[in-house]
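Q: Structure: input.cif, mmCIF, C-alpha atoms and all ligand atoms.
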```cif
data_target
loop_
_atom_site.label_atom_id
_atom_site.label_comp_id
_atom_site.auth_asym_id
_atom_site.auth_seq_id
_atom_site.Cartn_x
_atom_site.Cartn_y
_atom_site.Cartn_z
CA MET P 182 5.24 -37.36 -29.09
CA ILE P 183 1.53 -38.10 -28.69
CA GLY P 184 -0.59 -35.25 -29.99
CA GLU P 185 2.33 -33.69 -31.83
CA PHE P 186 0.47 -33.59 -35.11
CA ILE P 187 -2.73 -31.89 -34.03
CA THR P 188 -3.30 -28.58 -35.73
CA ARG P 189 -4.37 -25.51 -33.84
CA ARG P 190 -5.12 -23.46 -36.94
CA LEU P 191 -8.71 -23.27 -35.71
CA SER P 192 -9.87 -24.19 -32.23
CA ILE P 193 -13.00 -23.75 -30.15
CA ALA P 194 -12.49 -22.11 -26.79
CA PRO P 195 -13.06 -23.72 -23.42
CA MET P 196 -16.36 -22.28 -22.16
CA MET P 197 -17.94 -23.26 -18.86
CA GLU P 198 -21.54 -24.37 -19.20
CA CYS P 199 -21.14 -24.44 -22.97
CA THR P 200 -18.43 -26.75 -24.31
CA ASP P 201 -19.63 -29.90 -22.58
CA PRO P 202 -19.45 -33.30 -24.35
CA HIS P 203 -22.83 -32.80 -26.07
CA GLU P 204 -21.72 -29.49 -27.54
CA ARG P 205 -18.38 -30.91 -28.58
CA TYR P 206 -20.05 -33.89 -30.25
CA PHE P 207 -22.23 -31.50 -32.24
CA LEU P 208 -19.34 -29.19 -33.14
CA ARG P 209 -17.41 -32.20 -34.39
CA LEU P 210 -20.24 -32.93 -36.78
CA CYS P 211 -19.86 -29.35 -38.03
CA SER P 212 -16.08 -29.51 -38.44
CA ARG P 213 -13.82 -32.54 -38.67
CA HIS P 214 -10.66 -30.55 -38.02
CA ALA P 215 -11.20 -27.77 -35.48
CA LEU P 216 -9.54 -28.56 -32.15
CA LEU P 217 -12.12 -28.63 -29.36
CA TYR P 218 -11.48 -27.69 -25.73
CA THR P 219 -13.36 -28.92 -22.70
CA GLU P 220 -14.78 -26.55 -20.12
CA MET P 221 -12.25 -25.72 -17.42
CA ILE P 222 -11.99 -28.63 -15.00
CA PRO P 223 -10.76 -27.69 -11.51
CA THR P 224 -7.86 -29.94 -10.52
CA GLN P 225 -9.24 -30.08 -6.96
CA ALA P 226 -12.32 -31.91 -8.21
CA VAL P 227 -10.28 -34.52 -10.07
CA TRP P 228 -7.90 -34.88 -7.14
CA HIS P 229 -10.85 -35.56 -4.84
CA GLY P 230 -12.12 -38.38 -7.00
CA ARG P 231 -14.53 -36.78 -9.46
CA GLY P 232 -12.27 -37.34 -12.46
CA GLU P 233 -14.23 -40.19 -13.94
CA ARG P 234 -17.32 -38.04 -14.43
CA LEU P 235 -15.49 -34.84 -15.34
CA LEU P 236 -13.04 -36.32 -17.83
CA ALA P 237 -15.51 -38.50 -19.72
CA TYR P 238 -15.94 -37.64 -23.40
CA ASN P 239 -17.04 -39.22 -26.66
CA THR P 240 -14.32 -40.77 -28.82
CA GLU P 241 -15.80 -38.96 -31.83
CA GLU P 242 -14.65 -35.65 -30.33
CA HIS P 243 -10.97 -36.02 -31.31
CA PRO P 244 -8.94 -33.90 -31.60
CA VAL P 245 -9.92 -32.71 -28.13
CA ALA P 246 -7.94 -30.85 -25.48
CA VAL P 247 -8.69 -30.80 -21.78
CA GLN P 248 -8.32 -27.58 -19.81
CA PHE P 249 -7.46 -27.64 -16.13
CA GLY P 250 -7.67 -24.88 -13.57
CA GLY P 251 -5.34 -25.19 -10.64
CA SER P 252 -2.03 -24.12 -9.15
CA ASP P 253 -0.93 -27.11 -7.11
CA PRO P 254 1.94 -28.83 -8.95
CA ARG P 255 1.07 -32.29 -7.60
CA GLN P 256 -2.57 -31.96 -8.52
CA LEU P 257 -1.77 -30.67 -12.00
CA ALA P 258 0.70 -33.48 -12.60
CA TYR P 259 -1.92 -36.00 -11.44
CA CYS P 260 -4.54 -34.46 -13.76
CA ALA P 261 -2.14 -34.37 -16.72
CA ARG P 262 -1.39 -38.07 -16.22
CA MET P 263 -5.08 -38.86 -16.04
CA ALA P 264 -5.74 -36.83 -19.18
CA GLU P 265 -3.23 -38.94 -21.06
CA GLY P 266 -4.85 -42.10 -19.71
CA TYR P 267 -8.20 -40.89 -20.97
CA GLY P 268 -6.75 -40.33 -24.43
CA TYR P 269 -6.99 -36.55 -24.68
CA ASP P 270 -4.84 -34.88 -27.34
CA GLU P 271 -3.57 -31.92 -25.29
CA VAL P 272 -3.52 -30.61 -21.74
CA ASN P 273 -4.12 -26.91 -21.27
CA LEU P 274 -3.61 -24.75 -18.20
CA ASN P 275 -6.05 -21.92 -17.53
CA VAL P 276 -4.23 -18.66 -16.85
CA GLY P 277 -7.07 -16.43 -18.01
CA CYS P 278 -10.13 -16.83 -15.81
CA PRO P 279 -10.69 -13.78 -13.57
CA SER P 280 -13.63 -15.04 -11.47
CA ALA P 281 -13.53 -14.41 -7.73
CA ARG P 282 -13.95 -18.10 -6.97
CA VAL P 283 -11.01 -19.02 -9.19
CA GLN P 284 -8.86 -16.25 -7.67
CA ALA P 285 -9.71 -17.54 -4.21
CA GLY P 286 -8.19 -20.87 -5.32
CA ARG P 287 -5.12 -18.93 -6.58
CA PHE P 288 -5.41 -20.01 -10.17
CA GLY P 289 -6.69 -18.64 -13.47
CA ALA P 290 -5.71 -15.12 -14.55
CA CYS P 291 -4.09 -14.18 -11.23
CA LEU P 292 -1.28 -16.60 -12.11
CA MET P 293 -0.06 -14.04 -14.66
CA ALA P 294 1.49 -12.28 -11.68
CA GLU P 295 3.53 -15.42 -10.90
CA PRO P 296 5.35 -16.48 -14.07
CA SER P 297 7.83 -18.69 -12.23
CA LEU P 298 5.02 -20.61 -10.53
CA VAL P 299 3.36 -21.14 -13.92
CA ALA P 300 6.72 -22.34 -15.28
CA GLU P 301 6.94 -24.80 -12.40
CA LEU P 302 3.39 -26.03 -13.06
CA VAL P 303 4.15 -26.53 -16.74
CA ALA P 304 7.35 -28.40 -15.90
CA CYS P 305 5.48 -30.73 -13.51
CA MET P 306 2.76 -31.40 -16.06
CA ARG P 307 5.29 -32.07 -18.79
CA GLU P 308 7.06 -34.54 -16.58
CA ALA P 309 3.79 -36.35 -15.92
CA THR P 310 2.60 -36.69 -19.53
CA ARG P 311 3.79 -37.06 -23.10
CA LEU P 312 0.88 -34.90 -24.26
CA PRO P 313 1.55 -31.33 -25.38
CA VAL P 314 1.09 -28.97 -22.43
CA THR P 315 -0.24 -25.57 -23.49
CA VAL P 316 -1.19 -22.38 -21.66
CA LYS P 317 -4.19 -20.12 -22.25
CA THR P 318 -3.57 -16.66 -20.95
CA ARG P 319 -4.57 -12.99 -21.22
CA ILE P 320 -2.40 -10.11 -22.46
CA GLY P 321 -2.11 -8.88 -18.87
CA ILE P 322 -3.88 -8.29 -15.58
CA ASP P 323 -4.58 -5.19 -13.51
CA GLN P 324 -1.61 -2.82 -13.66
CA GLN P 325 0.20 -4.76 -16.40
CA HIS P 326 -0.65 -2.15 -19.03
CA GLY P 327 2.18 -2.60 -21.50
CA TYR P 328 3.54 -5.44 -23.57
CA ASP P 329 6.61 -6.18 -21.44
CA ALA P 330 4.91 -8.15 -18.67
CA LEU P 331 3.28 -10.41 -21.29
CA ALA P 332 6.59 -10.96 -23.07
CA SER P 333 8.40 -11.80 -19.80
CA PHE P 334 5.60 -14.14 -18.78
CA VAL P 335 5.78 -16.01 -22.08
CA GLU P 336 9.57 -16.12 -22.02
CA CYS P 337 9.61 -17.55 -18.50
CA VAL P 338 6.92 -20.19 -19.17
CA ALA P 339 8.43 -21.13 -22.53
CA GLY P 340 11.65 -21.77 -20.60
CA ALA P 341 9.83 -24.63 -18.86
CA GLY P 342 9.01 -26.20 -22.22
CA CYS P 343 5.60 -24.74 -23.13
CA ARG P 344 5.62 -24.38 -26.94
CA THR P 345 2.04 -23.18 -27.44
CA PHE P 346 0.34 -20.12 -25.98
CA ILE P 347 -3.28 -19.26 -26.57
CA VAL P 348 -3.71 -15.59 -25.86
CA HIS P 349 -7.05 -13.92 -25.17
CA ALA P 350 -6.16 -10.49 -26.53
CA ARG P 351 -7.60 -8.48 -23.66
CA LYS P 352 -6.47 -7.67 -20.18
CA ALA P 353 -8.35 -8.98 -17.16
CA TRP P 354 -9.24 -6.79 -14.21
CA LEU P 355 -9.19 -8.97 -11.14
CA GLN P 356 -11.21 -6.56 -9.01
CA GLY P 357 -14.41 -4.77 -9.87
CA LEU P 358 -15.35 -6.55 -13.11
CA SER P 359 -17.33 -9.77 -13.37
CA PRO P 360 -16.02 -12.56 -15.65
CA LYS P 361 -18.66 -11.53 -18.20
CA GLU P 362 -17.58 -7.88 -18.10
CA ASN P 363 -13.98 -9.05 -18.39
CA ARG P 364 -14.87 -10.55 -21.76
CA ALA P 365 -16.18 -7.27 -23.11
CA ARG P 366 -14.73 -4.25 -21.35
CA PRO P 367 -10.99 -3.98 -21.51
CA PRO P 368 -10.42 -3.31 -25.22
CA LEU P 369 -9.05 -6.03 -27.48
CA ARG P 370 -5.39 -5.64 -28.43
CA HIS P 371 -4.80 -8.11 -31.23
CA ASP P 372 -1.61 -6.21 -32.07
CA ARG P 373 -0.04 -7.38 -28.79
CA VAL P 374 -0.55 -11.02 -29.79
CA HIS P 375 0.85 -10.36 -33.27
CA ARG P 376 3.91 -8.80 -31.69
CA LEU P 377 4.32 -11.85 -29.47
CA LYS P 378 4.53 -14.03 -32.56
CA ARG P 379 7.09 -11.68 -34.11
CA ASP P 380 9.21 -11.70 -30.95
CA PHE P 381 8.90 -15.45 -30.32
CA PRO P 382 8.76 -16.95 -33.83
CA GLN P 383 9.75 -20.38 -32.50
CA LEU P 384 6.59 -20.59 -30.35
CA GLU P 385 3.12 -21.46 -31.56
CA ILE P 386 0.88 -18.48 -30.86
CA VAL P 387 -2.90 -18.79 -31.06
CA ILE P 388 -5.01 -15.66 -30.91
CA ASN P 389 -8.39 -15.45 -29.20
CA GLY P 390 -10.96 -12.74 -28.56
CA GLY P 391 -13.67 -11.07 -30.61
CA ILE P 392 -13.15 -13.04 -33.83
CA ARG P 393 -16.46 -13.75 -35.53
CA THR P 394 -16.06 -14.72 -39.17
CA LEU P 395 -13.92 -17.05 -41.28
CA GLU P 396 -12.64 -13.99 -43.16
CA GLN P 397 -11.33 -12.65 -39.87
CA VAL P 398 -9.82 -16.04 -39.06
CA GLU P 399 -8.00 -16.05 -42.40
CA GLU P 400 -6.76 -12.52 -41.81
CA GLN P 401 -5.45 -13.44 -38.36
CA LEU P 402 -3.65 -16.45 -39.79
CA SER P 403 -1.37 -14.09 -41.66
CA TRP P 404 -0.08 -12.92 -38.25
CA VAL P 405 -0.27 -15.93 -35.95
CA ASP P 406 -0.33 -19.72 -36.06
CA GLY P 407 -3.89 -20.31 -34.99
CA VAL P 408 -7.22 -18.77 -34.07
CA MET P 409 -9.49 -19.75 -31.22
CA LEU P 410 -13.18 -18.92 -31.48
CA GLY P 411 -15.37 -18.67 -28.40
CA ARG P 412 -18.80 -17.10 -28.23
CA GLU P 413 -19.42 -16.86 -31.96
CA ALA P 414 -18.90 -20.60 -32.43
CA TYR P 415 -21.41 -21.25 -29.65
CA ARG P 416 -24.00 -18.75 -30.89
CA ASN P 417 -23.59 -19.60 -34.55
CA PRO P 418 -22.13 -23.13 -34.88
CA TYR P 419 -22.80 -23.34 -38.62
CA LEU P 420 -19.84 -21.00 -39.00
CA LEU P 421 -17.71 -24.11 -38.57
CA ALA P 422 -19.29 -26.03 -41.41
CA ASN P 423 -17.33 -24.09 -44.02
CA ALA P 424 -14.13 -24.01 -41.99
CA ASP P 425 -12.91 -27.43 -43.13
CA ALA P 426 -12.91 -26.41 -46.76
CA ARG P 427 -11.59 -22.90 -46.25
CA LEU P 428 -8.95 -23.49 -43.61
CA PHE P 429 -8.01 -27.15 -43.93
CA GLY P 430 -8.42 -27.82 -47.65
CA ASP P 431 -10.97 -30.57 -46.99
CA THR P 432 -12.89 -31.09 -50.22
CA ARG P 433 -15.66 -33.29 -48.82
CA PRO P 434 -19.18 -31.89 -49.25
CA VAL P 435 -20.24 -29.33 -46.66
CA ARG P 436 -23.20 -30.65 -44.69
CA THR P 437 -26.39 -28.65 -44.65
CA ARG P 438 -27.88 -27.58 -41.33
CA HIS P 439 -30.62 -30.18 -41.73
CA GLU P 440 -28.03 -32.88 -42.36
CA LEU P 441 -26.21 -31.88 -39.20
CA VAL P 442 -29.39 -32.16 -37.17
CA ARG P 443 -30.09 -35.61 -38.62
CA ALA P 444 -26.55 -36.70 -37.87
CA TYR P 445 -26.99 -35.48 -34.27
CA LEU P 446 -30.23 -37.42 -33.69
CA PRO P 447 -28.74 -40.91 -33.12
CA TYR P 448 -26.41 -39.37 -30.53
CA VAL P 449 -29.34 -37.67 -28.81
CA GLU P 450 -31.22 -41.00 -28.78
CA ARG P 451 -28.27 -42.74 -27.15
CA GLN P 452 -27.94 -40.05 -24.51
CA LEU P 453 -31.67 -40.18 -23.75
CA ALA P 454 -31.43 -43.93 -23.34
CA GLY P 455 -28.64 -43.30 -20.83
CA GLY P 456 -30.91 -40.99 -18.80
CA ALA P 457 -29.93 -37.53 -20.12
CA ARG P 458 -32.59 -34.87 -20.68
CA VAL P 459 -33.16 -33.75 -24.24
CA SER P 460 -32.76 -30.09 -23.28
CA CYS P 461 -29.11 -30.78 -22.39
CA MET P 462 -28.57 -31.54 -26.08
CA THR P 463 -31.04 -29.14 -27.72
CA ARG P 464 -29.67 -26.10 -25.93
CA HIS P 465 -26.52 -26.39 -28.01
CA ILE P 466 -28.30 -26.27 -31.36
CA LEU P 467 -30.57 -23.28 -30.74
CA GLY P 468 -28.34 -21.03 -32.86
CA LEU P 469 -27.90 -23.43 -35.76
CA TYR P 470 -30.34 -21.65 -38.07
CA GLN P 471 -29.25 -18.17 -37.06
CA GLY P 472 -30.05 -15.72 -39.84
CA MET P 473 -32.14 -18.26 -41.77
CA PRO P 474 -35.91 -18.24 -42.37
CA GLY P 475 -37.68 -20.00 -39.48
CA ALA P 476 -34.78 -19.53 -37.02
CA ARG P 477 -37.01 -18.05 -34.36
CA ALA P 478 -39.63 -20.83 -34.61
CA TRP P 479 -36.83 -23.42 -34.37
CA ARG P 480 -35.38 -21.79 -31.25
CA SER P 481 -38.64 -21.26 -29.45
CA HIS P 482 -39.96 -24.74 -30.18
CA LEU P 483 -36.79 -26.36 -28.86
CA SER P 484 -36.68 -24.12 -25.80
CA GLU P 485 -40.32 -24.51 -24.89
CA TRP P 486 -40.89 -28.19 -25.65
CA GLY P 487 -37.41 -29.48 -24.98
CA SER P 488 -37.57 -28.57 -21.33
CA ARG P 489 -40.78 -30.55 -20.65
CA ARG P 490 -40.56 -33.73 -18.65
CA GLY P 491 -40.26 -36.82 -20.83
CA ALA P 492 -39.47 -34.83 -23.99
CA GLY P 493 -37.50 -36.78 -26.61
CA THR P 494 -36.19 -36.48 -30.15
CA GLU P 495 -39.71 -35.78 -31.46
CA VAL P 496 -39.16 -32.21 -30.23
CA ILE P 497 -36.25 -31.84 -32.64
CA LEU P 498 -38.19 -33.40 -35.51
CA GLN P 499 -41.14 -31.09 -34.85
CA ALA P 500 -38.82 -28.08 -34.76
CA LEU P 501 -37.33 -29.19 -38.09
CA SER P 502 -40.81 -29.38 -39.58
CA LEU P 503 -41.29 -25.68 -38.76
CA LEU P 504 -38.43 -24.78 -41.09
CA PRO P 505 -38.92 -24.24 -44.80
CA GLY P 506 -37.67 -27.62 -46.12
CA GLU P 507 -34.12 -28.33 -47.16
CA ILE P 508 -33.17 -24.71 -47.36
CA GLU P 509 -29.63 -25.27 -48.42
CA ILE P 510 -27.87 -27.63 -50.74
CA GLY P 511 -24.63 -29.23 -49.60
CA HIS P 512 -21.82 -28.57 -52.03
CA ALA P 513 -18.24 -29.51 -52.48
CA ILE P 514 -15.70 -26.75 -52.37
CA ALA P 515 -12.62 -27.58 -54.37
C1 LIG W 1 -19.72 -18.72 -21.07
C2 LIG W 1 -18.22 -18.65 -21.12
C3 LIG W 1 -17.46 -19.50 -20.36
C4 LIG W 1 -16.05 -19.46 -20.42
N1 LIG W 1 -15.33 -20.39 -19.73
C5 LIG W 1 -13.97 -20.43 -19.90
C6 LIG W 1 -13.20 -21.49 -19.34
O1 LIG W 1 -13.71 -22.43 -18.73
N2 LIG W 1 -11.85 -21.45 -19.54
C7 LIG W 1 -11.23 -20.45 -20.25
O2 LIG W 1 -10.01 -20.46 -20.42
N3 LIG W 1 -11.95 -19.45 -20.80
C8 LIG W 1 -13.30 -19.44 -20.66
N4 LIG W 1 -14.03 -18.48 -21.29
C9 LIG W 1 -13.33 -17.49 -22.14
C10 LIG W 1 -13.26 -18.01 -23.59
O3 LIG W 1 -12.49 -19.19 -23.66
C11 LIG W 1 -12.66 -16.95 -24.52
O4 LIG W 1 -11.34 -16.69 -24.09
C12 LIG W 1 -13.44 -15.65 -24.51
O5 LIG W 1 -14.83 -15.89 -24.63
C13 LIG W 1 -12.97 -14.72 -25.64
O6 LIG W 1 -13.17 -15.31 -26.90
P1 LIG W 1 -14.43 -14.89 -27.85
O7 LIG W 1 -14.42 -13.38 -27.94
O8 LIG W 1 -14.17 -15.57 -29.16
O9 LIG W 1 -15.67 -15.37 -27.16
C14 LIG W 1 -15.41 -18.50 -21.24
C15 LIG W 1 -16.20 -17.64 -22.01
C16 LIG W 1 -17.58 -17.71 -21.97
C17 LIG W 1 -18.39 -16.79 -22.85
#
```
Give the structure from this file in C-alpha cells form.
A:
Amino acid sequence: MIGEFITRRLSIAPMMECTDPHERYFLRLCSRHALLYTEMIPTQAVWHGRGERLLAYNTEEHPVAVQFGGSDPRQLAYCARMAEGYGYDEVNLNVGCPSARVQAGRFGACLMAEPSLVAELVACMREATRLPVTVKTRIGIDQQHGYDALASFVECVAGAGCRTFIVHARKAWLQGLSPKENRARPPLRHDRVHRLKRDFPQLEIVINGGIRTLEQVEEQLSWVDGVMLGREAYRNPYLLANADARLFGDTRPVRTRHELVRAYLPYVERQLAGGARVSCMTRHILGLYQGMPGARAWRSHLSEWGSRRGAGTEVILQALSLLPGEIEIGHAIA
C-alpha cells in the first residue's frame, strides 16, 4: 500500500496558521525523517473548488500527511482521492478541534460523540484512496470523564479499518473554553493513551500533548508507537535537528542553525520571485536561536524589517550578522 512504510515515531502536529508549506519546508531542513502534517483543511473548501490552492505543497516536504476537517462522507472521500492524486503520504481526519466554527460544521472534536459516524467516514475515505487513513482525536469531550468512552470510540473506528490513532492526551470542553484554553486547561492524561496502547496492541498509537524535549519523546516511545510534537516544535524548531540522530539512527552531520538558515535562503528567494512576502517565511524561523546569544536581536530584526514593503532576503542576512558568528559546530552522532 502507498505510504505503508512511513514512520510515525516522530511527527509534527497540524497547526492552523503555523504548519503551512513554508514552515514545513523549513522543518524538513531540520529533520529528514519527522512526519509533517498540514494545517487542517476544511473539506467544504476543497469540495467548492479551492483544492488546488489548499493542497499545494513542496515535493521536498515528504513524508507529509494532509489533515481534513469535515463530516460529510462524500466530501471526505473526494478529498482523500484528491490527496492521493497530489501525492500526499497519509490522510488524517480531525476529531480533536473544539472551535465553535468547527462545531457548527459538525466536525472536529464533537465527532467523538458519534463513533459510528466517524467509522463511516473512515470507511468512505479508505474506499476512495490507497493511502493510510488515520484519525487524530482527544481522550474525550465534555462529560466523557473516564477511559471507557475513548476505548469504545477507538474500537468502533478501528473496526472500519483505521490502524493509526493520534491522541491528544487531554479532554476538550466544547462549551465555555476557547480552542487555546482547550490546549492548556483540562489536565494532560498521558496514562490514558498508554493504556490505549496496552489494550489495543495491534493498533499504532501516537501520543500528543505537552511533550517538549527529545528525552520526553524517548520516554514516551517506551509506551507508545509514536510522538507528535506541536507548539514546542514551532517555538523551538532546532529541537528537530538532533531528532534524526537520536530517534532514527541517522548518522549524517547535524546542521548548525546558521547552516539551516543558509539552506532556507534559496527557497525564500524562489517564493519571493513568485510574489510571496518575506515575512510569510521569516515568521517561522523567529524561534530558531531560542536560548542562544543574540536570539532577541535575531527575532526583533526579522519581525521589524521583514514586515516592511519590498523586504527581501537581505533582512535574513542582516539578522544573521547580528548573531555571534558560527556559534555551533555541526557534528556527526554515531
Ligand atoms: C496554533 C495552533 C493551531 C492548531 N491547529 C490544529 C489543527 O489544524 N488540527 C489539529 O488537529 N490540531 C490543531 N492544533 C492542536 C495541535 O495539533 C496539538 O494537538 C496541540 O497543540 C497539543 O500538542 P502540543 O502540546 O505538543 O502543542 C493546533 C494547535 C495550535 C497551538
Q: Can you write out as CSV which residues of stretch 450-483 of chain P fall within 12 Å of stretch 205-218 of chain P, alongside each residue's closest atom pair and its distance in Å to one decimal, counting all atoms listed in the file and ordering rows by chain and ascending residue number?
A:
```
residue,atom,partner,partner_atom,distance
P:Gln452,CA,P:Tyr206,CA,11.5
P:Met462,CA,P:Phe207,CA,8.8
P:Thr463,CA,P:Phe207,CA,10.2
P:Arg464,CA,P:Phe207,CA,11.2
P:His465,CA,P:Phe207,CA,7.9
P:Ile466,CA,P:Phe207,CA,8.1
P:Leu467,CA,P:Phe207,CA,11.8
P:Leu469,CA,P:Cys211,CA,10.2
```
Q: Please report the interatomic distance between atom CA of P:Ala341 and atom CA of P:Cys305 in Å with one decimal.
A: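 About the pair atom CA of P:Ala341 and atom CA of P:Cys305: they are 9.2 Å apart.
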Q: Would you tabulate, counting all atoms listed in the file, all residues of chain P that have an atom at most 6 Å from an atom of ligand LIG 1 (chain W), showing the closest pair of atoms and their distance in Å to one decimal, sorted by chain then ascending number, as a Markdown table?
A:
```
| residue | atom | partner | partner_atom | distance |
| --- | --- | --- | --- | --- |
| P:Ala194 | CA | W:LIG1 | O3 | 4.3 |
| P:Pro195 | CA | W:LIG1 | O3 | 4.6 |
| P:Met196 | CA | W:LIG1 | N1 | 3.2 |
| P:Met197 | CA | W:LIG1 | N1 | 4.0 |
| P:Glu220 | CA | W:LIG1 | O1 | 4.5 |
| P:Met221 | CA | W:LIG1 | O1 | 3.8 |
| P:Asn275 | CA | W:LIG1 | O2 | 5.1 |
| P:Gly277 | CA | W:LIG1 | O2 | 5.5 |
| P:Cys278 | CA | W:LIG1 | C7 | 5.8 |
| P:His349 | CA | W:LIG1 | O4 | 5.2 |
| P:Arg364 | CA | W:LIG1 | C12 | 6.0 |
| P:Asn389 | CA | W:LIG1 | O6 | 5.3 |
| P:Gly390 | CA | W:LIG1 | O7 | 3.6 |
| P:Gly391 | CA | W:LIG1 | O7 | 3.6 |
| P:Ile392 | CA | W:LIG1 | O8 | 5.4 |
| P:Leu410 | CA | W:LIG1 | O8 | 4.2 |
| P:Gly411 | CA | W:LIG1 | O8 | 3.4 |
| P:Arg412 | CA | W:LIG1 | O9 | 3.7 |
```
Q: Calculated over all atoms listed in the file, which of the candidates P:Arg307, P:Lys378, P:Lys352, P:Lys361 has the smallest distance to P:Glu336?
A: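 Of P:Arg307, P:Lys378, P:Lys352, P:Lys361, the one nearest P:Glu336 is P:Lys378, counting all atoms listed in the file.
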Q: Of the candidates P:Pro474, P:Gly456, P:Pro360, P:Pro382, which shows the shortest atom-to-atom distance to P:Phe346, using only C-alpha atoms?
A: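 Comparing P:Pro474, P:Gly456, P:Pro360, P:Pro382 against P:Phe346, the winner is P:Pro382.
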Q: Name the residues in contact with P:Gln397 at a cut-off of 12 Å, using all atoms listed in the file, excluding same-chain residues fewer than 3 positions from it; report them as a compact mmCIF listing (two decimals) with C-alpha atoms, in the frame of the given file.
A:
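As written to disk, around-v6.txt reads:
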```txt
# COMPACT_ATOMS: atom_id res chain seq x y z
CA LEU P 191 -8.71 -23.27 -35.71
CA HIS P 371 -4.80 -8.11 -31.23
CA ILE P 388 -5.01 -15.66 -30.91
CA ASN P 389 -8.39 -15.45 -29.20
CA GLY P 390 -10.96 -12.74 -28.56
CA GLY P 391 -13.67 -11.07 -30.61
CA ILE P 392 -13.15 -13.04 -33.83
CA ARG P 393 -16.46 -13.75 -35.53
CA THR P 394 -16.06 -14.72 -39.17
CA GLU P 400 -6.76 -12.52 -41.81
CA GLN P 401 -5.45 -13.44 -38.36
CA LEU P 402 -3.65 -16.45 -39.79
CA SER P 403 -1.37 -14.09 -41.66
CA TRP P 404 -0.08 -12.92 -38.25
CA GLY P 407 -3.89 -20.31 -34.99
CA VAL P 408 -7.22 -18.77 -34.07
CA MET P 409 -9.49 -19.75 -31.22
CA LEU P 410 -13.18 -18.92 -31.48
CA LEU P 420 -19.84 -21.00 -39.00
CA ALA P 424 -14.13 -24.01 -41.99
CA LEU P 428 -8.95 -23.49 -43.61
```
Q: Counting only C-alpha atoms, give me one row per residue of stretch 353-452 of chain P with an atom at most 12 Å from an atom of stretch 227-244 of chain P, showing the shortest contact pair and its distance in Å to one decimal, sorted by chain then residue number, as JSON lines.
A:
```
{"residue": "P:Tyr445", "atom": "CA", "partner": "P:Glu241", "partner_atom": "CA", "distance": 12.0}
{"residue": "P:Tyr448", "atom": "CA", "partner": "P:Asn239", "partner_atom": "CA", "distance": 10.1}
{"residue": "P:Arg451", "atom": "CA", "partner": "P:Asn239", "partner_atom": "CA", "distance": 11.8}
{"residue": "P:Gln452", "atom": "CA", "partner": "P:Asn239", "partner_atom": "CA", "distance": 11.1}
```
Q: Find the residue from P:Arg370, P:Arg477, P:Arg190, P:Arg255 that sits nearest to P:Ala304; use only C-alpha atoms when measuring.
A: P:Arg255
Q: When distances are computed from only C-alpha atoms, which of P:Ala300, P:Ala353, P:Met293, P:Ala422 shows the smallest separation from P:Leu331?
A: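 The closest residue to P:Leu331 is P:Met293.
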Q: Between P:Arg282, P:Arg344, P:Arg416, P:Arg376, which residue has the minimum interatomic distance to P:Gly468, considering all atoms listed in the file?
A: P:Arg416
Q: When distances are computed from only C-alpha atoms, which of P:Pro313, P:Gly357, P:Gly327, P:Pro418 shows the smallest separation from P:Glu385?
A: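 For P:Glu385, the nearest of the candidates is P:Pro313.
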